[in-house]
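Shown next: data21.cif, containing mmCIF, C-alpha atoms.
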```cif
data_entry
loop_
_atom_site.label_atom_id
_atom_site.label_comp_id
_atom_site.auth_asym_id
_atom_site.auth_seq_id
_atom_site.Cartn_x
_atom_site.Cartn_y
_atom_site.Cartn_z
CA MET H 1 -83.68 -2.20 87.22
CA SER H 2 -83.86 1.44 86.07
CA THR H 3 -80.06 1.47 85.68
CA SER H 4 -80.33 -1.62 83.49
CA VAL H 5 -83.05 -0.05 81.35
CA ALA H 6 -81.00 3.14 80.92
CA VAL H 7 -77.82 1.27 79.97
CA ILE H 8 -79.58 -1.07 77.55
CA THR H 9 -81.50 1.77 75.90
CA GLY H 10 -78.39 3.96 75.70
CA CYS H 11 -76.22 1.20 74.24
CA ALA H 12 -78.95 0.24 71.75
CA LEU H 13 -79.32 3.83 70.52
CA VAL H 14 -75.62 4.55 70.09
CA THR H 15 -75.03 1.20 68.42
CA PHE H 16 -77.90 1.83 66.00
CA ALA H 17 -76.61 5.29 65.14
CA ILE H 18 -73.03 4.12 64.63
CA LYS H 19 -74.00 1.19 62.42
CA ALA H 20 -76.41 3.38 60.41
CA ALA H 21 -74.00 6.27 59.80
CA GLY H 22 -71.81 4.74 57.08
CA PRO H 23 -74.61 3.15 55.03
CA VAL H 24 -76.76 6.32 55.22
CA ALA H 25 -73.92 8.64 54.24
CA LEU H 26 -72.30 6.53 51.55
CA GLY H 27 -75.08 4.33 50.18
CA GLY H 28 -75.31 3.37 46.55
CA ARG H 29 -72.43 5.39 45.13
CA GLU H 30 -69.40 4.55 43.11
CA LEU H 31 -66.36 5.28 45.22
CA PRO H 32 -62.93 6.25 44.02
CA GLY H 33 -60.14 3.70 43.82
CA TRP H 34 -58.19 5.09 46.74
CA PHE H 35 -61.19 4.50 49.01
CA THR H 36 -61.22 0.83 48.07
CA SER H 37 -57.49 0.52 48.70
CA VAL H 38 -58.05 1.72 52.25
CA ILE H 39 -61.18 -0.38 52.88
CA VAL H 40 -59.51 -3.70 52.11
CA LEU H 41 -56.92 -2.91 54.79
CA LEU H 42 -59.41 -1.99 57.53
CA GLY H 43 -59.89 -5.62 58.55
CA PRO H 44 -56.21 -6.28 59.31
CA ALA H 45 -55.91 -2.98 61.23
CA LEU H 46 -59.08 -3.34 63.31
CA PHE H 47 -58.88 -7.05 64.08
CA SER H 48 -55.24 -6.93 65.17
CA ALA H 49 -56.06 -3.98 67.44
CA LEU H 50 -58.95 -5.94 68.96
CA VAL H 51 -56.66 -8.90 69.65
CA VAL H 52 -54.05 -6.66 71.27
CA THR H 53 -56.50 -4.74 73.47
CA GLN H 54 -58.21 -7.92 74.67
CA ALA H 55 -55.33 -10.37 74.99
CA LEU H 56 -52.59 -8.07 76.25
CA ALA H 57 -54.56 -5.74 78.50
CA ASP H 58 -57.18 -5.63 81.19
CA GLY H 59 -58.90 -2.29 80.71
CA LYS H 60 -56.13 0.33 80.73
CA GLU H 61 -53.54 -1.92 82.37
CA LEU H 62 -51.25 -4.04 80.27
CA ALA H 63 -51.82 -7.57 81.52
CA ILE H 64 -50.07 -10.67 80.23
CA GLY H 65 -51.58 -13.77 81.79
CA PRO H 66 -52.96 -17.25 81.19
CA ASP H 67 -55.50 -15.78 78.74
CA THR H 68 -52.64 -14.35 76.65
CA ALA H 69 -51.09 -17.81 76.36
CA GLY H 70 -54.51 -19.28 75.62
CA VAL H 71 -55.15 -16.82 72.79
CA ALA H 72 -51.71 -17.59 71.34
CA ALA H 73 -52.52 -21.32 71.45
CA GLY H 74 -55.84 -20.60 69.74
CA GLY H 75 -54.04 -18.61 67.07
CA LEU H 76 -51.71 -21.52 66.43
CA VAL H 77 -54.68 -23.88 65.97
CA ALA H 78 -56.45 -21.39 63.67
CA TRP H 79 -53.28 -20.96 61.61
CA LYS H 80 -52.60 -24.69 61.27
CA THR H 81 -56.17 -25.94 60.82
CA GLY H 82 -58.22 -22.90 59.77
CA SER H 83 -60.84 -23.91 62.33
CA VAL H 84 -62.56 -21.12 64.27
CA ILE H 85 -64.11 -23.57 66.72
CA GLY H 86 -60.75 -25.30 67.25
CA CYS H 87 -59.21 -21.88 67.82
CA VAL H 88 -61.64 -20.76 70.55
CA VAL H 89 -61.74 -24.18 72.22
CA ALA H 90 -57.93 -24.33 72.38
CA ALA H 91 -57.85 -20.79 73.79
CA ALA H 92 -60.34 -21.64 76.55
CA VAL H 93 -58.77 -25.01 77.40
CA VAL H 94 -55.21 -23.68 77.60
CA THR H 95 -56.31 -20.65 79.64
CA ALA H 96 -58.37 -22.77 82.03
CA GLY H 97 -55.55 -25.32 82.30
CA LEU H 98 -52.94 -22.68 83.19
CA ARG H 99 -55.28 -21.14 85.78
CA ALA H 100 -55.91 -24.55 87.34
CA LEU H 101 -52.17 -25.19 87.84
CA MET A 1 -67.92 -20.28 46.51
CA THR A 2 -71.28 -19.25 45.13
CA SER A 3 -71.10 -16.71 42.31
CA PRO A 4 -72.23 -13.13 43.05
CA ASP A 5 -75.34 -13.47 40.88
CA ALA A 6 -76.47 -16.78 42.39
CA PRO A 7 -80.03 -16.66 43.77
CA THR A 8 -80.49 -14.72 46.96
CA ARG A 9 -81.43 -17.80 48.94
CA ALA A 10 -78.26 -19.66 47.97
CA ARG A 11 -76.12 -16.72 49.08
CA LEU A 12 -78.02 -16.37 52.35
CA LEU A 13 -77.39 -20.04 53.03
CA GLU A 14 -73.75 -19.72 52.06
CA GLY A 15 -73.44 -16.81 54.47
CA ALA A 16 -75.10 -18.86 57.20
CA ARG A 17 -72.69 -21.75 56.59
CA ALA A 18 -69.67 -19.45 56.64
CA GLY A 19 -70.98 -17.75 59.78
CA LEU A 20 -71.78 -20.97 61.67
CA PRO A 21 -68.37 -21.47 63.32
CA PHE A 22 -68.42 -17.82 64.38
CA GLY A 23 -72.00 -18.25 65.61
CA ILE A 24 -70.94 -21.16 67.81
CA ALA A 25 -67.93 -19.22 69.09
CA ALA A 26 -70.19 -16.19 69.73
CA GLY A 27 -72.49 -18.52 71.69
CA VAL A 28 -69.62 -19.53 73.97
CA VAL A 29 -68.65 -15.90 74.55
CA ALA A 30 -72.30 -15.02 75.17
CA VAL A 31 -72.56 -17.64 77.93
CA SER A 32 -69.86 -15.78 79.82
CA PHE A 33 -71.65 -12.48 79.10
CA GLY A 34 -74.83 -13.91 80.64
CA VAL A 35 -72.89 -14.82 83.78
CA VAL A 36 -70.84 -11.63 84.04
CA ALA A 37 -73.85 -9.34 83.43
CA GLN A 38 -75.59 -10.68 86.53
CA GLY A 39 -72.47 -10.09 88.55
CA ALA A 40 -72.76 -6.45 87.46
CA GLY A 41 -76.34 -6.19 88.73
CA LEU A 42 -78.39 -6.95 85.62
CA SER A 43 -81.28 -9.40 86.04
CA ALA A 44 -81.32 -12.48 83.83
CA THR A 45 -84.08 -10.87 81.76
CA ALA A 46 -82.10 -7.64 81.38
CA ALA A 47 -78.97 -9.53 80.27
CA ILE A 48 -80.94 -11.44 77.64
CA LEU A 49 -82.72 -8.28 76.46
CA MET A 50 -79.41 -6.46 76.17
CA SER A 51 -77.99 -9.16 73.90
CA ALA A 52 -81.17 -9.26 71.83
CA ILE A 53 -81.40 -5.48 71.38
CA VAL A 54 -77.80 -4.23 71.45
CA PHE A 55 -76.17 -7.29 69.81
CA ALA A 56 -72.59 -6.03 70.08
CA GLY A 57 -70.39 -8.24 72.20
CA SER A 58 -67.38 -6.12 73.02
CA ALA A 59 -69.56 -3.04 73.67
CA GLN A 60 -71.81 -5.03 75.99
CA PHE A 61 -68.86 -6.40 77.97
CA THR A 62 -67.36 -2.93 78.23
CA ALA A 63 -70.59 -1.29 79.43
CA ILE A 64 -71.15 -4.03 82.00
CA SER A 65 -67.61 -3.88 83.34
CA ILE A 66 -67.95 -0.11 83.85
CA LEU A 67 -71.22 -0.57 85.75
CA ALA A 68 -69.64 -3.34 87.83
CA SER A 69 -66.75 -1.08 88.82
CA GLY A 70 -69.18 1.62 89.99
CA GLY A 71 -69.24 3.78 86.86
CA THR A 72 -72.27 5.83 85.80
CA VAL A 73 -74.76 4.94 83.08
CA GLY A 74 -73.37 7.78 80.96
CA ALA A 75 -69.82 6.45 81.25
CA ALA A 76 -70.97 2.95 80.36
CA VAL A 77 -72.87 4.11 77.26
CA LEU A 78 -70.03 6.36 76.13
CA ALA A 79 -67.51 3.53 76.44
CA ALA A 80 -69.85 1.22 74.52
CA ALA A 81 -70.07 3.84 71.78
CA LEU A 82 -66.29 4.11 71.59
CA VAL A 83 -65.84 0.34 71.44
CA ASN A 84 -68.45 0.21 68.68
CA SER A 85 -66.86 3.08 66.80
CA ARG A 86 -64.99 0.56 64.64
CA PHE A 87 -68.36 -0.02 62.95
CA LEU A 88 -68.08 3.52 61.53
CA PRO A 89 -65.29 2.66 59.09
CA MET A 90 -66.81 -0.79 58.50
CA GLY A 91 -70.19 0.82 57.73
CA ALA A 92 -68.57 3.37 55.45
CA ALA A 93 -66.91 0.53 53.58
CA LEU A 94 -70.18 -1.36 53.29
CA GLY A 95 -72.39 1.64 52.39
CA PRO A 96 -71.80 1.69 48.62
CA SER A 97 -72.78 -2.00 48.40
CA LEU A 98 -76.23 -1.42 49.95
CA PRO A 99 -79.24 -0.54 47.76
CA GLY A 100 -82.35 1.43 48.73
CA GLY A 101 -83.11 4.72 50.45
CA PRO A 102 -81.39 6.02 53.60
CA LEU A 103 -83.77 4.25 56.01
CA ARG A 104 -83.41 0.89 54.27
CA ARG A 105 -79.64 1.27 54.20
CA ALA A 106 -79.61 2.23 57.89
CA LEU A 107 -81.55 -0.92 58.74
CA GLN A 108 -79.35 -3.14 56.58
CA GLY A 109 -76.33 -1.57 58.26
CA GLN A 110 -77.52 -2.96 61.61
CA THR A 111 -76.53 -6.43 60.45
CA VAL A 112 -72.83 -5.58 60.52
CA VAL A 113 -70.87 -7.60 63.04
CA ASP A 114 -67.14 -8.24 62.76
CA ALA A 115 -67.14 -11.75 61.33
CA SER A 116 -70.00 -11.11 58.89
CA TRP A 117 -68.37 -7.97 57.62
CA ALA A 118 -65.20 -9.97 56.95
CA ILE A 119 -67.12 -12.84 55.33
CA ALA A 120 -69.19 -10.54 53.10
CA GLY A 121 -66.16 -8.64 51.80
CA ARG A 122 -65.36 -9.65 48.23
CA GLY A 123 -61.74 -8.49 48.58
CA ASP A 124 -62.18 -5.70 46.02
CA GLY A 125 -63.79 -3.18 48.37
CA THR A 126 -67.37 -4.31 47.65
CA PHE A 127 -69.61 -6.49 49.82
CA ASP A 128 -72.21 -9.21 49.21
CA ARG A 129 -75.08 -8.14 51.47
CA TRP A 130 -76.78 -11.55 51.35
CA LEU A 131 -73.67 -13.23 52.70
CA LEU A 132 -73.67 -10.54 55.39
CA PHE A 133 -77.31 -11.17 56.36
CA GLY A 134 -76.98 -14.97 56.37
CA SER A 135 -73.84 -14.95 58.45
CA THR A 136 -75.22 -12.42 60.93
CA ALA A 137 -78.49 -14.35 61.41
CA VAL A 138 -76.54 -17.38 62.65
CA GLN A 139 -74.37 -15.27 64.93
CA TYR A 140 -77.42 -13.49 66.33
CA ALA A 141 -78.95 -16.84 67.23
CA GLY A 142 -75.68 -17.92 68.86
CA TRP A 143 -75.27 -14.64 70.73
CA VAL A 144 -78.80 -14.50 72.15
CA GLY A 145 -78.96 -18.27 72.76
CA GLY A 146 -75.63 -18.23 74.62
CA THR A 147 -76.74 -15.29 76.75
CA ILE A 148 -79.92 -17.16 77.72
CA VAL A 149 -77.85 -20.18 78.80
CA GLY A 150 -75.41 -18.03 80.77
CA ALA A 151 -78.12 -15.91 82.38
CA LEU A 152 -80.30 -18.83 83.43
CA PHE A 153 -77.72 -21.51 84.23
CA GLY A 154 -74.65 -19.43 85.07
CA ASN A 155 -74.58 -20.54 88.69
CA VAL A 156 -74.30 -24.18 87.57
CA LEU A 157 -71.46 -23.43 85.15
CA GLY A 158 -69.17 -21.75 87.64
CA ASP A 159 -66.63 -18.94 87.22
CA PRO A 160 -66.22 -17.96 83.53
CA GLU A 161 -62.55 -17.12 84.13
CA ALA A 162 -61.81 -20.55 85.60
CA LEU A 163 -63.31 -22.00 82.41
CA GLY A 164 -61.03 -19.78 80.31
CA LEU A 165 -64.01 -18.12 78.64
CA ASP A 166 -62.36 -14.69 78.73
CA ALA A 167 -59.81 -15.97 76.18
CA VAL A 168 -62.53 -16.94 73.71
CA TYR A 169 -63.30 -13.44 72.44
CA PRO A 170 -59.75 -12.37 71.60
CA ALA A 171 -59.18 -15.81 70.03
CA PHE A 172 -62.27 -15.20 67.91
CA PHE A 173 -60.77 -11.93 66.64
CA LEU A 174 -57.41 -13.59 66.07
CA SER A 175 -59.00 -16.14 63.76
CA LEU A 176 -60.68 -13.28 61.87
CA LEU A 177 -57.33 -11.53 61.61
CA LEU A 178 -55.60 -14.61 60.20
CA HIS A 179 -58.13 -14.65 57.34
CA GLU A 180 -57.30 -11.06 56.50
CA ILE A 181 -53.52 -11.12 56.29
CA GLY A 182 -52.85 -13.03 53.10
CA ASP A 183 -50.36 -10.62 51.57
CA ARG A 184 -47.40 -8.60 52.73
CA ARG A 185 -49.13 -5.24 52.83
CA SER A 186 -52.02 -6.44 54.99
CA ARG A 187 -49.51 -7.99 57.40
CA ILE A 188 -47.69 -4.67 57.70
CA VAL A 189 -51.00 -2.88 58.31
CA ALA A 190 -51.95 -5.48 60.96
CA LEU A 191 -48.63 -4.94 62.75
CA LEU A 192 -49.02 -1.18 62.58
CA GLY A 193 -52.61 -1.39 63.87
CA ALA A 194 -51.47 -3.60 66.74
CA LEU A 195 -48.70 -1.16 67.59
CA ILE A 196 -51.02 1.86 67.57
CA ALA A 197 -53.51 0.06 69.84
CA PHE A 198 -50.76 -1.16 72.17
CA VAL A 199 -49.32 2.32 72.67
CA LEU A 200 -52.76 3.88 73.29
CA ILE A 201 -54.10 1.28 75.76
CA PRO A 202 -52.72 2.90 78.93
CA ILE A 203 -53.47 6.50 77.92
CA THR A 204 -56.91 6.51 76.23
CA PRO A 205 -60.41 5.26 77.18
CA ALA A 206 -61.53 1.79 76.06
CA GLY A 207 -62.39 1.69 72.37
CA VAL A 208 -60.11 4.53 71.31
CA PRO A 209 -57.09 2.27 70.70
CA VAL A 210 -59.11 0.16 68.24
CA LEU A 211 -60.66 3.10 66.44
CA ALA A 212 -57.27 4.82 66.15
CA ALA A 213 -55.74 1.63 64.75
CA SER A 214 -57.97 2.00 61.68
CA VAL A 215 -55.63 4.82 60.66
CA ALA A 216 -53.13 2.09 59.74
CA ALA A 217 -55.36 1.22 56.77
CA LEU A 218 -54.39 4.58 55.24
CA LEU A 219 -51.22 2.80 54.14
CA GLY A 220 -53.48 1.65 51.31
CA LEU A 221 -53.28 5.20 49.94
CA ARG A 222 -49.58 4.78 49.20
CA GLY A 223 -50.30 1.76 47.05
CA ALA A 224 -53.20 3.54 45.39
CA ALA A 225 -51.07 6.57 44.53
CA ALA A 226 -48.31 4.34 43.15
CA ARG A 227 -50.83 2.38 41.06
CA ALA A 228 -52.44 5.55 39.72
CA ALA A 229 -49.00 6.89 38.76
CA ARG A 230 -48.14 3.61 37.03
CA GLU A 231 -51.40 3.67 35.11
CA ARG A 232 -50.73 7.29 34.06
CA ASP A 233 -47.26 6.34 32.87
CA GLU A 234 -48.61 3.37 30.94
CA ALA A 235 -51.30 5.53 29.36
CA ALA A 236 -48.67 8.10 28.40
CA ALA A 237 -46.29 5.50 26.93
#
```
Using structure tokens, write down the structure from this file.
Amino acid sequence: MSTSVAVITGCALVTFAIKAAGPVALGGRELPGWFTSVIVLLGPALFSALVVTQALADGKELAIGPDTAGVAAGGLVAWKTGSVIGCVVAAAVVTAGLRAL
Amino acid sequence: MTSPDAPTRARLLEGARAGLPFGIAAGVVAVSFGVVAQGAGLSATAAILMSAIVFAGSAQFTAISILASGGTVGAAVLAAALVNSRFLPMGAALGPSLPGGPLRRALQGQTVVDASWAIAGRGDGTFDRWLLFGSTAVQYAGWVGGTIVGALFGNVLGDPEALGLDAVYPAFFLSLLLHEIGDRRSRIVALLGALIAFVLIPITPAGVPVLAASVAALLGLRGAAARAARERDEAAA
């Protein structure tokens, strides 16, 4: 249990600090135009990296598997229908289906 | 779309509505977290507490997987910090849109999760904090609720991988990504970010590839410089 307490406390503290840093440092100011130009592109950069690290790898190993196909299927559903729920359901169903084969 | 000066309550509700699909998806992911966490040695109570206090999915999964593979507490916390480091640029982006003193801003900053941050963005670099809060509240409920289900009834549900639950999280991010790539430049940045992450996966610790990918957003500077030059030329003409 003490390991659990240490991990939970540690994760809570670092998460708090990380999420607080930006708002504390940059709160309530006007920012220059170039800053805005970069901000609006953070989403595309970060989210595509998250997809790549989670769908194409298992930790440090590149790993293409049923989950990769499932995520692609989910992406297709999201693209065609715009539905987040449809996207994640398709991803799970296709992944589970391929694993059951 | 509610206008930016609509009453607070209306914007909170709009945020909650926009966040609902993500809240449900987060709930599904959280069920698998509840199951996996116990496999890594956390009690059901500890798993639920972790979701309630830490409330950061990918960091929680990373920390747990390091514990499960025999890593130390320090390694698990460090990896969680790295995975969460993407909230540094997101928080920096959000900061100017938050009112109040440093402590109030720090607390408001805790409500940043990926989907809410994307929902609250107005597309001009500013953020509607009420949309952020509303959307996060729903996802918090989904995240903690899903963890409770997974932690208490995981043994009935079976193997999360057999159910394909490990594909849910990346699919969740993919649907966020699709919302963000409406124009050519954002598609180029997305490709570049993906490439940076892909190259770094085998050679850096978890979390670093994603943080490093944020560098791709600096492509925005090129556009900004070109725009500034155009405006100077127009002013001169």
Put the listed atoms of range 40-51 of chain A in a box along x, y and z with 8 Å added on every side and give me the centre and edge lengths in Å to one decimal, as JSON.
```
{"center_x": -78.4, "center_y": -9.3, "center_z": 81.3, "size_x": 27.3, "size_y": 22.3, "size_z": 30.8}
```
Assuming the chain letters and numbering stay as they are in my file, what does the PyMOL selection byres ((chain H) within 6 of (chain A)) actually select? List them as a ChimeraX atom specification. /H:7-8,10-12,14,18-20,22-24,26-29,34,36-42,44-49,51,54-55,60-61,67,71,74,78,84-85,88,91-92,95-96
Who sits within 9 Å of range 149-156 of chain A, all atoms listed in the file, same chain under 6 positions skipped, as a ChimeraX atom specification: /A:30-38,43-45,47-48
Export of the given selection (C-alpha atoms) as a tab-separated table (two decimals), keeping the file's coordinate frame:
```tsv
chain	number	residue	atom	x	y	z
A	30	ALA	CA	-72.30	-15.02	75.17
A	31	VAL	CA	-72.56	-17.64	77.93
A	32	SER	CA	-69.86	-15.78	79.82
A	33	PHE	CA	-71.65	-12.48	79.10
A	34	GLY	CA	-74.83	-13.91	80.64
A	35	VAL	CA	-72.89	-14.82	83.78
A	36	VAL	CA	-70.84	-11.63	84.04
A	37	ALA	CA	-73.85	-9.34	83.43
A	38	GLN	CA	-75.59	-10.68	86.53
A	43	SER	CA	-81.28	-9.40	86.04
A	44	ALA	CA	-81.32	-12.48	83.83
A	45	THR	CA	-84.08	-10.87	81.76
A	47	ALA	CA	-78.97	-9.53	80.27
A	48	ILE	CA	-80.94	-11.44	77.64
```
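Coordinates place CA of Thr136 in chain A at a distance of 11.2 Å from CA of Leu13 in chain A.
Distance-wise, CA of Val144 in chain A and CA of Ser2 in chain H end up 21.8 Å apart.
You will find CA of Asp58 in chain H at 28.2 Å from CA of Ala141 in chain A.
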Closest of A:Trp130, A:Gly39, A:Val199, A:Val208 to Asp159 in chain A - atom-to-atom distances counting only C-alpha atoms: A:Gly39
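Distances here use only C-alpha atoms; by that measure, the residue among H:Val94, H:Ala100, H:Val5, H:Ala57 closest to Ala72 in chain H is H:Val94.
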Using all atoms listed in the file, which of A:Pro7, A:Gly57, A:Gly134, A:Gly71 sits nearest Gly19 in chain A? A:Gly134
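Closest to Phe133 in chain A among A:Gly27, A:Gly70, A:Ala18, A:Ser116 is A:Ser116, based on only C-alpha atoms.
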Written record: range 4-34 of chain H, N, CA and C atoms, as a PDB file, in the first residue's frame:
```
ATOM      1  N   SER H   4       1.717   2.372  -3.369  1.00  0.00           N
ATOM      2  CA  SER H   4       0.569   3.034  -4.001  1.00  0.00           C
ATOM      3  C   SER H   4       0.448   4.475  -3.544  1.00  0.00           C
ATOM      4  N   VAL H   5       0.568   4.683  -2.229  1.00  0.00           N
ATOM      5  CA  VAL H   5       0.430   6.039  -1.679  1.00  0.00           C
ATOM      6  C   VAL H   5       1.504   6.944  -2.271  1.00  0.00           C
ATOM      7  N   ALA H   6       2.746   6.428  -2.345  1.00  0.00           N
ATOM      8  CA  ALA H   6       3.850   7.232  -2.868  1.00  0.00           C
ATOM      9  C   ALA H   6       3.627   7.583  -4.342  1.00  0.00           C
ATOM     10  N   VAL H   7       3.188   6.604  -5.132  1.00  0.00           N
ATOM     11  CA  VAL H   7       2.985   6.860  -6.563  1.00  0.00           C
ATOM     12  C   VAL H   7       1.838   7.844  -6.777  1.00  0.00           C
ATOM     13  N   ILE H   8       0.750   7.643  -6.050  1.00  0.00           N
ATOM     14  CA  ILE H   8      -0.403   8.527  -6.226  1.00  0.00           C
ATOM     15  C   ILE H   8      -0.046   9.952  -5.803  1.00  0.00           C
ATOM     16  N   THR H   9       0.621  10.082  -4.652  1.00  0.00           N
ATOM     17  CA  THR H   9       1.008  11.413  -4.183  1.00  0.00           C
ATOM     18  C   THR H   9       1.971  12.072  -5.168  1.00  0.00           C
ATOM     19  N   GLY H  10       2.974  11.310  -5.605  1.00  0.00           N
ATOM     20  CA  GLY H  10       3.961  11.845  -6.540  1.00  0.00           C
ATOM     21  C   GLY H  10       3.316  12.302  -7.833  1.00  0.00           C
ATOM     22  N   CYS H  11       2.466  11.450  -8.409  1.00  0.00           N
ATOM     23  CA  CYS H  11       1.809  11.787  -9.670  1.00  0.00           C
ATOM     24  C   CYS H  11       0.900  13.007  -9.496  1.00  0.00           C
ATOM     25  N   ALA H  12       0.206  13.066  -8.348  1.00  0.00           N
ATOM     26  CA  ALA H  12      -0.696  14.196  -8.105  1.00  0.00           C
ATOM     27  C   ALA H  12       0.097  15.501  -8.036  1.00  0.00           C
ATOM     28  N   LEU H  13       1.238  15.467  -7.337  1.00  0.00           N
ATOM     29  CA  LEU H  13       2.030  16.692  -7.174  1.00  0.00           C
ATOM     30  C   LEU H  13       2.619  17.170  -8.499  1.00  0.00           C
ATOM     31  N   VAL H  14       3.197  16.239  -9.275  1.00  0.00           N
ATOM     32  CA  VAL H  14       3.809  16.693 -10.532  1.00  0.00           C
ATOM     33  C   VAL H  14       2.736  17.165 -11.512  1.00  0.00           C
ATOM     34  N   THR H  15       1.590  16.489 -11.508  1.00  0.00           N
ATOM     35  CA  THR H  15       0.518  16.902 -12.415  1.00  0.00           C
ATOM     36  C   THR H  15       0.018  18.297 -12.049  1.00  0.00           C
ATOM     37  N   PHE H  16      -0.143  18.531 -10.735  1.00  0.00           N
ATOM     38  CA  PHE H  16      -0.595  19.851 -10.283  1.00  0.00           C
ATOM     39  C   PHE H  16       0.393  20.927 -10.732  1.00  0.00           C
ATOM     40  N   ALA H  17       1.675  20.667 -10.497  1.00  0.00           N
ATOM     41  CA  ALA H  17       2.700  21.666 -10.821  1.00  0.00           C
ATOM     42  C   ALA H  17       2.730  21.955 -12.322  1.00  0.00           C
ATOM     43  N   ILE H  18       2.644  20.893 -13.124  1.00  0.00           N
ATOM     44  CA  ILE H  18       2.719  21.073 -14.576  1.00  0.00           C
ATOM     45  C   ILE H  18       1.511  21.863 -15.088  1.00  0.00           C
ATOM     46  N   LYS H  19       0.325  21.508 -14.581  1.00  0.00           N
ATOM     47  CA  LYS H  19      -0.872  22.202 -15.065  1.00  0.00           C
ATOM     48  C   LYS H  19      -0.939  23.643 -14.546  1.00  0.00           C
ATOM     49  N   ALA H  20      -0.282  23.914 -13.398  1.00  0.00           N
ATOM     50  CA  ALA H  20      -0.324  25.264 -12.834  1.00  0.00           C
ATOM     51  C   ALA H  20       0.684  26.189 -13.521  1.00  0.00           C
ATOM     52  N   ALA H  21       1.789  25.621 -14.023  1.00  0.00           N
ATOM     53  CA  ALA H  21       2.914  26.440 -14.486  1.00  0.00           C
ATOM     54  C   ALA H  21       2.511  27.492 -15.523  1.00  0.00           C
ATOM     55  N   GLY H  22       1.854  27.060 -16.591  1.00  0.00           N
ATOM     56  CA  GLY H  22       1.493  27.983 -17.667  1.00  0.00           C
ATOM     57  C   GLY H  22       0.580  29.098 -17.185  1.00  0.00           C
ATOM     58  N   PRO H  23      -0.550  28.738 -16.557  1.00  0.00           N
ATOM     59  CA  PRO H  23      -1.473  29.781 -16.078  1.00  0.00           C
ATOM     60  C   PRO H  23      -0.828  30.742 -15.076  1.00  0.00           C
ATOM     61  N   VAL H  24       0.056  30.244 -14.192  1.00  0.00           N
ATOM     62  CA  VAL H  24       0.685  31.141 -13.218  1.00  0.00           C
ATOM     63  C   VAL H  24       1.643  32.096 -13.932  1.00  0.00           C
ATOM     64  N   ALA H  25       2.422  31.563 -14.865  1.00  0.00           N
ATOM     65  CA  ALA H  25       3.448  32.378 -15.516  1.00  0.00           C
ATOM     66  C   ALA H  25       2.852  33.374 -16.508  1.00  0.00           C
ATOM     67  N   LEU H  26       1.782  32.971 -17.187  1.00  0.00           N
ATOM     68  CA  LEU H  26       1.323  33.783 -18.318  1.00  0.00           C
ATOM     69  C   LEU H  26      -0.093  34.308 -18.151  1.00  0.00           C
ATOM     70  N   GLY H  27      -0.599  34.319 -16.894  1.00  0.00           N
ATOM     71  CA  GLY H  27      -1.981  34.723 -16.703  1.00  0.00           C
ATOM     72  C   GLY H  27      -2.249  36.169 -17.053  1.00  0.00           C
ATOM     73  N   GLY H  28      -3.444  36.396 -17.589  1.00  0.00           N
ATOM     74  CA  GLY H  28      -3.975  37.739 -17.763  1.00  0.00           C
ATOM     75  C   GLY H  28      -3.139  38.720 -18.562  1.00  0.00           C
ATOM     76  N   ARG H  29      -2.300  38.269 -19.484  1.00  0.00           N
ATOM     77  CA  ARG H  29      -1.600  39.265 -20.300  1.00  0.00           C
ATOM     78  C   ARG H  29      -2.013  39.161 -21.766  1.00  0.00           C
ATOM     79  N   GLU H  30      -1.792  40.258 -22.437  1.00  0.00           N
ATOM     80  CA  GLU H  30      -1.908  40.265 -23.885  1.00  0.00           C
ATOM     81  C   GLU H  30      -0.659  39.596 -24.424  1.00  0.00           C
ATOM     82  N   LEU H  31      -0.814  38.684 -25.360  1.00  0.00           N
ATOM     83  CA  LEU H  31       0.388  38.062 -25.915  1.00  0.00           C
ATOM     84  C   LEU H  31       0.566  38.452 -27.365  1.00  0.00           C
ATOM     85  N   PRO H  32       1.811  38.483 -27.794  1.00  0.00           N
ATOM     86  CA  PRO H  32       2.078  38.909 -29.169  1.00  0.00           C
ATOM     87  C   PRO H  32       1.479  37.949 -30.198  1.00  0.00           C
ATOM     88  N   GLY H  33       1.315  38.445 -31.410  1.00  0.00           N
ATOM     89  CA  GLY H  33       0.684  37.664 -32.466  1.00  0.00           C
ATOM     90  C   GLY H  33       1.385  36.365 -32.785  1.00  0.00           C
ATOM     91  N   TRP H  34       2.718  36.374 -32.720  1.00  0.00           N
ATOM     92  CA  TRP H  34       3.441  35.157 -33.080  1.00  0.00           C
ATOM     93  C   TRP H  34       3.121  34.027 -32.110  1.00  0.00           C
TER      94      TRP H  34
END
```
